[in-house]
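**Student:** Could you have a look at this structure, given as structure tokens, before my questions?
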Amino acid sequence: MDSKQKKNQWLKWFTFVALIVSLIPPLYPQAVAAAPTDGNVLTLTMNKAQVTMNGNVYKTAQPALIIKGVTYAPLSMFTARYGYSISYNKSTKEVTANRLGHEIRFKEGSSVYTGNGNKWAVSGKPYNYKGSIMIAVRDWSKATGSTLTTGKGTLSLTWRPSPTADFKVDQQQIYAGETQVTYTSLSKNADEIKSEVWTGNYSIFSEGGAYTVTRSVQDSTGKWSAPYSVSFTVLGPNQPPQAQFTTDKDIYKMGEPIIYSEQSTDDESAIVAKDWFNKKAAFFSSGNQTINLRVTDKHGISSEISKTITITKEVMYMESDFNQLFTPIGEKYIIDGTKVLRMTNIPYTYNVSDRKLIASDSPEDLTGPGILYQDSMLGDFRVFLYHKNLSTLPLTIYMAATNESLTDSATITLGAWGKAGPDTFGTLTGKMAAIRYLDSQDSRITSQIALAPGETKLIVPELGTKALNFGQILSAYADLNTSSSVKITLFAVMTGQDPLMTIPALPILERDGKHIRGTFQGADREVTISQTLGGETQRIQFGDHKNDPALDGIDKLNGQLENNWGNFGVVYHTVVQVKANTLIALNARGGIYSGAFRVNKLNVPVTNTSMLMDKNTVCPVYRTGPNDETVEISFLTALGSNLPINILFIPMPIS
């Protein structure tokens with residue numbers, strides 16, 4: 001045989017082999033698409049009794065096997081990894097896999113399988129191998145809508161988790177015939193939803209009662225999710241509130257107290273506003289007076305009621321006498337302010353405590369983080385702070401203490417303290433902080449913090465529990481004592497930062513030129529008055545900068561001398577003897593005034609709902625009874641107030 005014949009013979013043999021090979025089914029199924037990059041991935045390794053799913057390895061009853069070019073795996077492995085239940089019928093040799101209503105049936109030796117009632121030709125007939133039903137991997141992939149890909153000695157099935165039918169009813173309360181009801185899907189894998197079915201999802205419910213709304217969703221393979229239901233109660237149509245009030249009488253004398261009894265009702269007990277018109281404690285001119293009450297529920301629906309009473313020409317009390325007797329403590333009434341200066345001005349003496357005062361109010365408006373104030377303290381001192389955040393970022397204010405000794409430990413004791421805010425109402429915030437501070441003086445509860453040599457810790461940690469958002473204000477008072485020299489640092493940081501770690505890098509904030517910052521000596525003034533008060537109209541004047549001078553101090557951050565012109569943060573205290581039937585009231589002489597009084601252990605805001613606006617108003621803070629009394633008075637002036645003030649002692653008419 002020549003070389004040409006040999007060459008032709010080899011070509012014929014090569015062609016024959018290639019033809020045979022082309023007729024043999026592949027050992028592994030061919031990839032039908034690139035595997036998605038998300039979802040679940042199940043990887044089978046040939047001839048190994050284990051699979052890997054999403055990085056976790058699981059043992060299987062049997063390995064993946066290739067029989068006559070078809071790759072098989074145990075059905076029990078697929079159902080376990082896909083979350084299907086499985087059951088076997090011994091008589092029919094049929095096995096059923098079910099998940100959320102999606103059913104797949106295989107039968108030993110059968111050339112078809114069913115999926116939700118539809119029949120499909122198998123890639124390879126199921127068979128029993130050592131007690132396990134083995135099915136073609138390609139058939140499971142098709143039945144579940146999985147993507148099948150191949151690798152070197154492996155097969156992978158990738159599928160997206162089935163969508164869920166979760167949803168919520170958007171409205172918290174639903175009223176029959178009124179509320180437009182909407183629903184929001186909370187489905188997981190929502191992009192897999194191809195259709196959905198709702199029952200009971202009305203936009204308007206015509207009647208009150210219990211209702212259930214149910215939703216099911218279907219994915220791209222035709223599988224339906226488990227139904228998801230939300231049950232709720234539809235309320236009957238909202239009824240308007242009913243305004244109602246009575247007075248104890250229909251006919252009154254001029255200056256006679258009127259007792260009102262407000263009896264308004266609402267079907268949901270949801271009255272949010274009560275607006276009175278012409279409701280007065282007494283009237284001082286004769287004739288008819290109509291009082292009106294309007295109440296509004298949380299839905300904005302209102303109702304009104306009016307009552308007309310008659311005022312005779314007979315007089316029970318003149319207006320000035322009535323106000324002295326009946327104006328509630330902490331409220332205010334109008335007087336002739338010029339008469340105050342004609343009252344007897346009572347002299348007094350006072351002693352100043354050794355307690356120092358740290359005042360931190362400059363800059364009052366914060367535009368970023370920084371050191372608010374810093375000074376070394378030894379012994380008793382009080383901290384007073386008032387700041388507003390005008391930064392676009394939330395800021396948190398802290399107080400830190402550093403033991404300046406490198407050899408000895410230090411102890412810090414926290415006594416009375418009070419905080420208010422964050423809040424947007426500055427006058428109210430300052431007033432409430434002062435009231436809470438005065439109130440805590442009676443508790444005499446203290447707490448201690450130990451500092452190792454050179455150690456820094458946060459003190460009064462309640463200061464930093466809430467951040468100040470834009471426009472919010474924080475005010476606080478705190479009495480502290482240190483056993484040795486401790487550096488106190490007041491500072492503001494961006495919320496979320498480690499406060500102690502930020503201190504070394506914080507800038508010292510510049511003063512604003514309008515408010516006080518510094519350390520002052522004498523945070524307490526104990527006032528002594530020798531005579532009994534109340535036998536005649538009398539006044540005690542504070543804050544005149546003569547008999548009661550302002551504190552002088554120094555800003556330790558820049559060495560600037562400072563004057564606490566309002567004695568803000570200073571606690572005044574006195575115990576006086578007062579005659580029976582005496583009104584004790586506050587009159588402001590310098591303009592707007594707000595503060596906190598504590599009289600015989602009772603807190604009195606000045607005033608309950610606002611402030612004293614000028615010299616022609618007074619705020620009652622206490623009334624003695626039918627006997628002479630010992631009266632204890634403490635007070636703080638709130639920031640932004642004007643001095644001087646007068647505490648008035650006015651004999652009341654005997655009722």
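Labels for the structure tokens follow display order: chains A, B, ..., residues from 1 in each chain, ligands from 1.
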Please provide the set of residues having any atom within 10 Å of range 164-172 of chain A, restricted to only C-alpha atoms, with same-chain residues fewer than 4 positions apart removed, written as an mmCIF file with all heavy atoms, in the first residue's frame.

**Tutor:**
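Generated file (around_1.cif):
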data_model
loop_
_atom_site.group_PDB
_atom_site.id
_atom_site.type_symbol
_atom_site.label_atom_id
_atom_site.label_comp_id
_atom_site.auth_asym_id
_atom_site.auth_seq_id
_atom_site.Cartn_x
_atom_site.Cartn_y
_atom_site.Cartn_z
ATOM 1 N N THR A 179 -62.665 56.361 54.715
ATOM 2 C CA THR A 179 -61.222 56.218 54.493
ATOM 3 C C THR A 179 -60.931 55.564 53.150
ATOM 4 O O THR A 179 -61.471 54.503 52.836
ATOM 5 C CB THR A 179 -60.584 55.376 55.609
ATOM 6 O OG1 THR A 179 -60.921 55.943 56.876
ATOM 7 C CG2 THR A 179 -59.074 55.330 55.452
ATOM 8 N N GLN A 180 -60.092 56.222 52.340
ATOM 9 C CA GLN A 180 -59.602 55.635 51.095
ATOM 10 C C GLN A 180 -58.444 54.713 51.459
ATOM 11 O O GLN A 180 -57.386 55.159 51.895
ATOM 12 C CB GLN A 180 -59.134 56.732 50.134
ATOM 13 C CG GLN A 180 -58.759 56.234 48.759
ATOM 14 C CD GLN A 180 -59.969 55.963 47.879
ATOM 15 O OE1 GLN A 180 -61.030 56.530 48.103
ATOM 16 N NE2 GLN A 180 -59.820 55.111 46.886
ATOM 17 N N VAL A 181 -58.657 53.410 51.283
ATOM 18 C CA VAL A 181 -57.681 52.423 51.737
ATOM 19 C C VAL A 181 -56.720 52.081 50.603
ATOM 20 O O VAL A 181 -57.144 51.827 49.466
ATOM 21 C CB VAL A 181 -58.379 51.143 52.244
ATOM 22 C CG1 VAL A 181 -57.356 50.158 52.799
ATOM 23 C CG2 VAL A 181 -59.412 51.494 53.308
ATOM 24 N N THR A 182 -55.442 52.070 50.911
ATOM 25 C CA THR A 182 -54.415 51.698 49.934
ATOM 26 C C THR A 182 -53.553 50.588 50.523
ATOM 27 O O THR A 182 -53.482 50.413 51.741
ATOM 28 C CB THR A 182 -53.533 52.901 49.565
ATOM 29 O OG1 THR A 182 -52.950 53.445 50.753
ATOM 30 C CG2 THR A 182 -54.347 53.980 48.870
ATOM 31 N N TYR A 183 -52.893 49.848 49.626
ATOM 32 C CA TYR A 183 -52.105 48.692 50.027
ATOM 33 C C TYR A 183 -50.708 48.819 49.411
ATOM 34 O O TYR A 183 -50.579 49.208 48.247
ATOM 35 C CB TYR A 183 -52.762 47.392 49.568
ATOM 36 C CG TYR A 183 -54.224 47.290 49.967
ATOM 37 C CD1 TYR A 183 -55.228 47.804 49.140
ATOM 38 C CD2 TYR A 183 -54.603 46.697 51.165
ATOM 39 C CE1 TYR A 183 -56.556 47.735 49.500
ATOM 40 C CE2 TYR A 183 -55.939 46.610 51.533
ATOM 41 C CZ TYR A 183 -56.916 47.135 50.702
ATOM 42 O OH TYR A 183 -58.240 47.060 51.064
ATOM 43 N N THR A 184 -49.694 48.472 50.183
ATOM 44 C CA THR A 184 -48.316 48.536 49.709
ATOM 45 C C THR A 184 -47.693 47.145 49.743
ATOM 46 O O THR A 184 -47.729 46.463 50.771
ATOM 47 C CB THR A 184 -47.479 49.485 50.580
ATOM 48 O OG1 THR A 184 -48.020 50.806 50.473
ATOM 49 C CG2 THR A 184 -46.024 49.505 50.126
ATOM 50 N N SER A 185 -47.130 46.736 48.590
ATOM 51 C CA SER A 185 -46.482 45.425 48.511
ATOM 52 C C SER A 185 -45.194 45.415 49.320
ATOM 53 O O SER A 185 -44.409 46.356 49.270
ATOM 54 C CB SER A 185 -46.170 45.067 47.058
ATOM 55 O OG SER A 185 -45.390 43.875 46.991
ATOM 56 N N LEU A 186 -45.003 44.348 50.082
ATOM 57 C CA LEU A 186 -43.755 44.118 50.815
ATOM 58 C C LEU A 186 -43.094 42.827 50.336
ATOM 59 O O LEU A 186 -42.315 42.203 51.051
ATOM 60 C CB LEU A 186 -44.038 44.034 52.317
ATOM 61 C CG LEU A 186 -44.686 45.255 52.966
ATOM 62 C CD1 LEU A 186 -44.997 44.991 54.428
ATOM 63 C CD2 LEU A 186 -43.807 46.488 52.826
ATOM 64 N N SER A 187 -43.425 42.437 49.086
ATOM 65 C CA SER A 187 -42.952 41.160 48.559
ATOM 66 C C SER A 187 -41.438 41.095 48.492
ATOM 67 O O SER A 187 -40.775 42.063 48.106
ATOM 68 C CB SER A 187 -43.520 40.929 47.157
ATOM 69 O OG SER A 187 -44.917 40.768 47.192
ATOM 70 N N LYS A 188 -40.906 39.945 48.849
ATOM 71 C CA LYS A 188 -39.494 39.662 48.600
ATOM 72 C C LYS A 188 -39.379 39.123 47.176
ATOM 73 O O LYS A 188 -40.255 38.411 46.686
ATOM 74 C CB LYS A 188 -38.968 38.643 49.603
ATOM 75 C CG LYS A 188 -39.038 39.112 51.058
ATOM 76 C CD LYS A 188 -38.551 38.035 51.994
ATOM 77 C CE LYS A 188 -38.587 38.497 53.451
ATOM 78 N NZ LYS A 188 -39.955 38.762 53.930
ATOM 79 N N ASN A 189 -38.304 39.500 46.489
ATOM 80 C CA ASN A 189 -38.076 39.092 45.098
ATOM 81 C C ASN A 189 -39.253 39.521 44.212
ATOM 82 O O ASN A 189 -39.758 38.757 43.390
ATOM 83 C CB ASN A 189 -37.872 37.575 45.001
ATOM 84 C CG ASN A 189 -36.824 37.086 45.969
ATOM 85 O OD1 ASN A 189 -35.704 37.569 45.970
ATOM 86 N ND2 ASN A 189 -37.203 36.145 46.827
ATOM 87 N N ALA A 190 -39.660 40.768 44.402
ATOM 88 C CA ALA A 190 -40.849 41.258 43.715
ATOM 89 C C ALA A 190 -40.693 41.282 42.200
ATOM 90 O O ALA A 190 -41.696 41.207 41.478
ATOM 91 C CB ALA A 190 -41.188 42.661 44.223
ATOM 92 N N GLU A 192 -39.781 39.048 40.379
ATOM 93 C CA GLU A 192 -40.147 37.753 39.826
ATOM 94 C C GLU A 192 -41.663 37.576 39.689
ATOM 95 O O GLU A 192 -42.127 36.573 39.164
ATOM 96 C CB GLU A 192 -39.586 36.638 40.721
ATOM 97 C CG GLU A 192 -38.075 36.549 40.736
ATOM 98 C CD GLU A 192 -37.524 36.098 39.392
ATOM 99 O OE1 GLU A 192 -37.919 35.026 38.903
ATOM 100 O OE2 GLU A 192 -36.716 36.852 38.820
ATOM 101 N N ILE A 193 -42.410 38.548 40.201
ATOM 102 C CA ILE A 193 -43.872 38.435 40.154
ATOM 103 C C ILE A 193 -44.358 38.707 38.738
ATOM 104 O O ILE A 193 -44.056 39.753 38.153
ATOM 105 C CB ILE A 193 -44.531 39.413 41.143
ATOM 106 C CG1 ILE A 193 -44.150 39.046 42.584
ATOM 107 C CG2 ILE A 193 -46.050 39.405 40.982
ATOM 108 C CD1 ILE A 193 -44.653 40.036 43.616
ATOM 109 N N GLU A 196 -50.778 38.450 40.000
ATOM 110 C CA GLU A 196 -51.202 38.383 41.386
ATOM 111 C C GLU A 196 -52.714 38.333 41.464
ATOM 112 O O GLU A 196 -53.417 38.745 40.539
ATOM 113 C CB GLU A 196 -50.678 39.595 42.173
ATOM 114 C CG GLU A 196 -51.152 40.935 41.648
ATOM 115 C CD GLU A 196 -50.517 42.110 42.402
ATOM 116 O OE1 GLU A 196 -49.824 41.870 43.398
ATOM 117 O OE2 GLU A 196 -50.745 43.259 41.991
ATOM 118 N N VAL A 197 -53.202 37.818 42.582
ATOM 119 C CA VAL A 197 -54.642 37.718 42.823
ATOM 120 C C VAL A 197 -54.922 38.249 44.219
ATOM 121 O O VAL A 197 -54.260 37.852 45.183
ATOM 122 C CB VAL A 197 -55.135 36.262 42.697
ATOM 123 C CG1 VAL A 197 -56.591 36.159 43.136
ATOM 124 C CG2 VAL A 197 -54.988 35.765 41.269
ATOM 125 N N TRP A 198 -55.883 39.167 44.306
ATOM 126 C CA TRP A 198 -56.294 39.745 45.590
ATOM 127 C C TRP A 198 -57.737 39.332 45.877
ATOM 128 O O TRP A 198 -58.531 39.167 44.956
ATOM 129 C CB TRP A 198 -56.245 41.270 45.555
ATOM 130 C CG TRP A 198 -54.889 41.890 45.456
ATOM 131 C CD1 TRP A 198 -54.132 42.029 44.335
ATOM 132 C CD2 TRP A 198 -54.142 42.479 46.518
ATOM 133 N NE1 TRP A 198 -52.952 42.667 44.628
ATOM 134 C CE2 TRP A 198 -52.932 42.964 45.970
ATOM 135 C CE3 TRP A 198 -54.366 42.653 47.881
ATOM 136 C CZ2 TRP A 198 -51.966 43.602 46.728
ATOM 137 C CZ3 TRP A 198 -53.406 43.287 48.646
ATOM 138 C CH2 TRP A 198 -52.214 43.751 48.078
ATOM 139 N N ASN A 201 -59.683 43.344 48.783
ATOM 140 C CA ASN A 201 -58.896 44.587 48.840
ATOM 141 C C ASN A 201 -59.711 45.778 48.344
ATOM 142 O O ASN A 201 -59.392 46.411 47.342
ATOM 143 C CB ASN A 201 -57.609 44.445 48.035
ATOM 144 C CG ASN A 201 -57.844 44.135 46.569
ATOM 145 O OD1 ASN A 201 -58.804 43.433 46.230
ATOM 146 N ND2 ASN A 201 -56.991 44.644 45.688
ATOM 147 N N VAL A 213 -57.953 40.756 54.117
ATOM 148 C CA VAL A 213 -57.527 40.921 52.728
ATOM 149 C C VAL A 213 -56.422 39.903 52.461
ATOM 150 O O VAL A 213 -55.500 39.743 53.272
ATOM 151 C CB VAL A 213 -57.010 42.351 52.465
ATOM 152 C CG1 VAL A 213 -56.487 42.483 51.036
ATOM 153 C CG2 VAL A 213 -58.118 43.361 52.721
ATOM 154 N N THR A 214 -56.526 39.206 51.317
ATOM 155 C CA THR A 214 -55.577 38.150 50.993
ATOM 156 C C THR A 214 -54.975 38.385 49.612
ATOM 157 O O THR A 214 -55.671 38.837 48.693
ATOM 158 C CB THR A 214 -56.262 36.777 51.036
ATOM 159 O OG1 THR A 214 -56.807 36.568 52.344
ATOM 160 C CG2 THR A 214 -55.273 35.653 50.730
ATOM 161 N N ARG A 215 -53.698 38.053 49.485
ATOM 162 C CA ARG A 215 -52.986 38.228 48.214
ATOM 163 C C ARG A 215 -52.137 36.994 47.933
ATOM 164 O O ARG A 215 -51.509 36.442 48.844
ATOM 165 C CB ARG A 215 -52.096 39.462 48.282
ATOM 166 C CG ARG A 215 -51.262 39.744 47.041
ATOM 167 C CD ARG A 215 -50.197 40.767 47.360
ATOM 168 N NE ARG A 215 -49.439 41.215 46.197
ATOM 169 C CZ ARG A 215 -48.184 41.619 46.231
ATOM 170 N NH1 ARG A 215 -47.533 41.641 47.385
ATOM 171 N NH2 ARG A 215 -47.561 42.023 45.142
ATOM 172 N N SER A 216 -52.106 36.562 46.677
ATOM 173 C CA SER A 216 -51.201 35.521 46.197
ATOM 174 C C SER A 216 -50.505 36.036 44.951
ATOM 175 O O SER A 216 -51.094 36.813 44.180
ATOM 176 C CB SER A 216 -51.962 34.227 45.876
ATOM 177 O OG SER A 216 -52.595 33.699 47.022
ATOM 178 N N VAL A 217 -49.257 35.603 44.741
ATOM 179 C CA VAL A 217 -48.514 36.048 43.566
ATOM 180 C C VAL A 217 -47.982 34.829 42.817
ATOM 181 O O VAL A 217 -47.757 33.764 43.397
ATOM 182 C CB VAL A 217 -47.352 36.990 43.949
ATOM 183 C CG1 VAL A 217 -47.872 38.246 44.609
ATOM 184 C CG2 VAL A 217 -46.344 36.288 44.865
ATOM 185 N N GLN A 218 -47.775 35.011 41.515
ATOM 186 C CA GLN A 218 -47.302 33.934 40.640
ATOM 187 C C GLN A 218 -45.993 34.362 39.990
ATOM 188 O O GLN A 218 -45.850 35.505 39.541
ATOM 189 C CB GLN A 218 -48.345 33.629 39.572
ATOM 190 C CG GLN A 218 -48.030 32.410 38.711
ATOM 191 C CD GLN A 218 -49.087 32.181 37.642
ATOM 192 O OE1 GLN A 218 -49.548 33.136 37.018
ATOM 193 N NE2 GLN A 218 -49.463 30.924 37.436
ATOM 194 N N ASP A 219 -45.023 33.417 39.943
ATOM 195 C CA ASP A 219 -43.746 33.744 39.319
ATOM 196 C C ASP A 219 -43.731 33.303 37.864
ATOM 197 O O ASP A 219 -44.726 32.804 37.330
ATOM 198 C CB ASP A 219 -42.576 33.143 40.100
ATOM 199 C CG ASP A 219 -42.554 31.620 40.064
ATOM 200 O OD1 ASP A 219 -43.274 31.024 39.232
ATOM 201 O OD2 ASP A 219 -41.806 31.025 40.862
ATOM 202 N N TRP A 224 -47.409 29.498 42.230
ATOM 203 C CA TRP A 224 -48.118 30.466 43.063
ATOM 204 C C TRP A 224 -47.540 30.453 44.472
ATOM 205 O O TRP A 224 -47.166 29.410 44.997
ATOM 206 C CB TRP A 224 -49.610 30.147 43.127
ATOM 207 C CG TRP A 224 -50.346 30.518 41.876
ATOM 208 C CD1 TRP A 224 -50.634 29.725 40.820
ATOM 209 C CD2 TRP A 224 -50.852 31.815 41.569
ATOM 210 N NE1 TRP A 224 -51.291 30.423 39.846
ATOM 211 C CE2 TRP A 224 -51.451 31.719 40.280
ATOM 212 C CE3 TRP A 224 -50.874 33.038 42.219
ATOM 213 C CZ2 TRP A 224 -52.056 32.802 39.656
ATOM 214 C CZ3 TRP A 224 -51.477 34.118 41.600
ATOM 215 C CH2 TRP A 224 -52.055 33.998 40.333
ATOM 216 N N SER A 225 -47.465 31.605 45.048
ATOM 217 C CA SER A 225 -46.973 31.716 46.420
ATOM 218 C C SER A 225 -48.048 31.259 47.397
ATOM 219 O O SER A 225 -49.221 31.094 47.045
ATOM 220 C CB SER A 225 -46.622 33.178 46.727
ATOM 221 O OG SER A 225 -47.815 33.956 46.776
ATOM 222 N N ALA A 226 -47.619 31.072 48.629
ATOM 223 C CA ALA A 226 -48.602 30.870 49.688
ATOM 224 C C ALA A 226 -49.395 32.161 49.859
ATOM 225 O O ALA A 226 -48.844 33.258 49.748
ATOM 226 C CB ALA A 226 -47.900 30.504 50.992
ATOM 227 N N PRO A 227 -50.676 32.070 50.101
ATOM 228 C CA PRO A 227 -51.462 33.295 50.293
ATOM 229 C C PRO A 227 -51.013 34.044 51.544
ATOM 230 O O PRO A 227 -50.646 33.428 52.546
ATOM 231 C CB PRO A 227 -52.901 32.782 50.424
ATOM 232 C CG PRO A 227 -52.765 31.354 50.828
ATOM 233 C CD PRO A 227 -51.505 30.847 50.214
ATOM 234 N N TYR A 228 -51.044 35.365 51.467
ATOM 235 C CA TYR A 228 -50.682 36.220 52.600
ATOM 236 C C TYR A 228 -51.897 37.056 52.944
ATOM 237 O O TYR A 228 -52.509 37.677 52.064
ATOM 238 C CB TYR A 228 -49.503 37.125 52.235
ATOM 239 C CG TYR A 228 -48.989 37.955 53.383
ATOM 240 C CD1 TYR A 228 -48.003 37.471 54.235
ATOM 241 C CD2 TYR A 228 -49.498 39.225 53.633
ATOM 242 C CE1 TYR A 228 -47.521 38.232 55.293
ATOM 243 C CE2 TYR A 228 -49.040 39.997 54.688
ATOM 244 C CZ TYR A 228 -48.040 39.491 55.514
ATOM 245 O OH TYR A 228 -47.583 40.241 56.563
ATOM 246 N N SER A 229 -52.251 37.084 54.228
ATOM 247 C CA SER A 229 -53.481 37.756 54.643
ATOM 248 C C SER A 229 -53.198 38.780 55.732
ATOM 249 O O SER A 229 -52.299 38.593 56.565
ATOM 250 C CB SER A 229 -54.505 36.741 55.156
ATOM 251 O OG SER A 229 -54.874 35.835 54.134
ATOM 252 N N VAL A 230 -53.954 39.844 55.716
ATOM 253 C CA VAL A 230 -53.926 40.864 56.766
ATOM 254 C C VAL A 230 -55.353 41.063 57.247
ATOM 255 O O VAL A 230 -56.258 41.316 56.432
ATOM 256 C CB VAL A 230 -53.344 42.197 56.258
ATOM 257 C CG1 VAL A 230 -53.451 43.263 57.343
ATOM 258 C CG2 VAL A 230 -51.896 42.022 55.831
ATOM 259 N N SER A 231 -55.543 40.946 58.552
ATOM 260 C CA SER A 231 -56.863 41.159 59.142
ATOM 261 C C SER A 231 -56.873 42.471 59.911
ATOM 262 O O SER A 231 -55.879 42.848 60.541
ATOM 263 C CB SER A 231 -57.223 40.000 60.070
ATOM 264 O OG SER A 231 -57.314 38.782 59.352
ATOM 265 N N PHE A 232 -57.984 43.153 59.880
ATOM 266 C CA PHE A 232 -58.100 44.438 60.562
ATOM 267 C C PHE A 232 -59.572 44.733 60.816
ATOM 268 O O PHE A 232 -60.464 44.038 60.308
ATOM 269 C CB PHE A 232 -57.467 45.560 59.725
ATOM 270 C CG PHE A 232 -57.940 45.606 58.302
ATOM 271 C CD1 PHE A 232 -59.064 46.330 57.943
ATOM 272 C CD2 PHE A 232 -57.260 44.907 57.307
ATOM 273 C CE1 PHE A 232 -59.505 46.362 56.629
ATOM 274 C CE2 PHE A 232 -57.687 44.927 55.996
ATOM 275 C CZ PHE A 232 -58.817 45.663 55.654
#

**Student:** Counting only C-alpha atoms, what are the residues of range 282-334 of chain A within 7 Å of range 609-631 of chain A, and for each of them which pair of atoms is the nearest and at what distance in Å, to one decimal? Sort the table by chain and rising number, as JSON lines.

**Tutor:**
{"residue": "A:Ile329", "atom": "CA", "partner": "A:Pro620", "partner_atom": "CA", "distance": 5.0}
{"residue": "A:Gly330", "atom": "CA", "partner": "A:Pro620", "partner_atom": "CA", "distance": 5.8}
{"residue": "A:Glu331", "atom": "CA", "partner": "A:Cys619", "partner_atom": "CA", "distance": 5.6}
{"residue": "A:Lys332", "atom": "CA", "partner": "A:Cys619", "partner_atom": "CA", "distance": 4.4}
{"residue": "A:Tyr333", "atom": "CA", "partner": "A:Thr617", "partner_atom": "CA", "distance": 5.5}
{"residue": "A:Ile334", "atom": "CA", "partner": "A:Thr617", "partner_atom": "CA", "distance": 4.6}

**Student:** Enumerate as number ranges by chain all residues of range 345-525 of chain A assigned to helix (DSSP H, G or I) by DSSP on the backbone, naming them with the chain letters and numbers the document uses.

**Tutor:** A: 426-440, 461-465, 499-505

**Student:** Just the residues within 8 Å of Val493 in chain A, please, counting only C-alpha atoms, with nothing from its chain fewer than 6 positions along; format it as a PyMOL selection string.

**Tutor:** chain A and resi 368-370+395-397+499+502

**Student:** With a distance cut-off of 6 Å and only C-alpha atoms, select the neighbouring residues of range 342-347 of chain A, excluding the residue or stretch itself and same-chain residues fewer than 3 positions from it, and output the selection as a list in words.

**Tutor:** Lys339, Thr537, Gln538, Arg539 and Ile540 of chain A

**Student:** Please dump the current selection as a PDB file, in the first residue's frame; keep all heavy atoms.

**Tutor:**
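New file again_17.pdb:
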ATOM      1  N   LYS A 339     -47.616 101.699  90.849  1.00  0.00           N
ATOM      2  CA  LYS A 339     -47.886 101.570  92.281  1.00  0.00           C
ATOM      3  C   LYS A 339     -46.858 100.680  92.976  1.00  0.00           C
ATOM      4  O   LYS A 339     -46.679 100.774  94.192  1.00  0.00           O
ATOM      5  CB  LYS A 339     -49.289 101.017  92.500  1.00  0.00           C
ATOM      6  CG  LYS A 339     -50.400 101.968  92.055  1.00  0.00           C
ATOM      7  CD  LYS A 339     -51.775 101.377  92.340  1.00  0.00           C
ATOM      8  CE  LYS A 339     -52.885 102.350  91.921  1.00  0.00           C
ATOM      9  NZ  LYS A 339     -54.234 101.791  92.195  1.00  0.00           N
ATOM     10  N   THR A 537     -48.350  96.458 101.981  1.00  0.00           N
ATOM     11  CA  THR A 537     -47.799  96.125 100.659  1.00  0.00           C
ATOM     12  C   THR A 537     -46.303  96.431 100.670  1.00  0.00           C
ATOM     13  O   THR A 537     -45.886  97.557 100.969  1.00  0.00           O
ATOM     14  CB  THR A 537     -48.497  96.926  99.556  1.00  0.00           C
ATOM     15  OG1 THR A 537     -48.422  98.321  99.868  1.00  0.00           O
ATOM     16  CG2 THR A 537     -49.957  96.517  99.411  1.00  0.00           C
ATOM     17  N   GLN A 538     -45.508  95.408 100.345  1.00  0.00           N
ATOM     18  CA  GLN A 538     -44.053  95.524 100.428  1.00  0.00           C
ATOM     19  C   GLN A 538     -43.424  94.869  99.203  1.00  0.00           C
ATOM     20  O   GLN A 538     -44.057  94.069  98.500  1.00  0.00           O
ATOM     21  CB  GLN A 538     -43.544  94.820 101.707  1.00  0.00           C
ATOM     22  CG  GLN A 538     -44.078  95.420 102.990  1.00  0.00           C
ATOM     23  CD  GLN A 538     -43.900  94.483 104.174  1.00  0.00           C
ATOM     24  OE1 GLN A 538     -44.103  93.279 104.036  1.00  0.00           O
ATOM     25  NE2 GLN A 538     -43.528  95.045 105.324  1.00  0.00           N
ATOM     26  N   ARG A 539     -42.164  95.202  98.986  1.00  0.00           N
ATOM     27  CA  ARG A 539     -41.421  94.596  97.884  1.00  0.00           C
ATOM     28  C   ARG A 539     -39.980  94.363  98.289  1.00  0.00           C
ATOM     29  O   ARG A 539     -39.430  95.090  99.124  1.00  0.00           O
ATOM     30  CB  ARG A 539     -41.470  95.473  96.630  1.00  0.00           C
ATOM     31  CG  ARG A 539     -40.761  96.818  96.763  1.00  0.00           C
ATOM     32  CD  ARG A 539     -41.020  97.702  95.567  1.00  0.00           C
ATOM     33  NE  ARG A 539     -40.427  99.025  95.710  1.00  0.00           N
ATOM     34  CZ  ARG A 539     -39.307  99.443  95.121  1.00  0.00           C
ATOM     35  NH1 ARG A 539     -38.635  98.608  94.334  1.00  0.00           N
ATOM     36  NH2 ARG A 539     -38.863 100.661  95.288  1.00  0.00           N
ATOM     37  N   ILE A 540     -39.400  93.312  97.704  1.00  0.00           N
ATOM     38  CA  ILE A 540     -37.964  93.049  97.847  1.00  0.00           C
ATOM     39  C   ILE A 540     -37.387  93.042  96.444  1.00  0.00           C
ATOM     40  O   ILE A 540     -37.831  92.276  95.580  1.00  0.00           O
ATOM     41  CB  ILE A 540     -37.702  91.695  98.532  1.00  0.00           C
ATOM     42  CG1 ILE A 540     -38.421  91.622  99.879  1.00  0.00           C
ATOM     43  CG2 ILE A 540     -36.205  91.468  98.712  1.00  0.00           C
ATOM     44  CD1 ILE A 540     -38.333  90.255 100.528  1.00  0.00           C
TER      45      ILE A 540
END

**Student:** Quick one: everything within 12 Å of Tyr348 in chain A, counting only C-alpha atoms, minus sequence neighbours fewer than 6 positions away in the same chain. Send it as a list in words.

**Tutor:**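 The contact residues come out as Arg525, Glu526, Val527, Thr528, Ile529, Ser530, Gln531, Arg539, Ile540, Gln541, Phe542, Asn547, Asp548, Thr574, Val575 and Val576 of chain A.
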
**Student:** For the structure I just gave you, how does DSSP split range 189-335 of chain A - specifically, which residues are strand (DSSP E or B)? Reply as number ranges by chain.

**Tutor:** A: 195-199, 209-218, 224, 228-235, 242, 245-247, 251-254, 260-262, 265, 271-277, 287-297, 302-315, 333-334
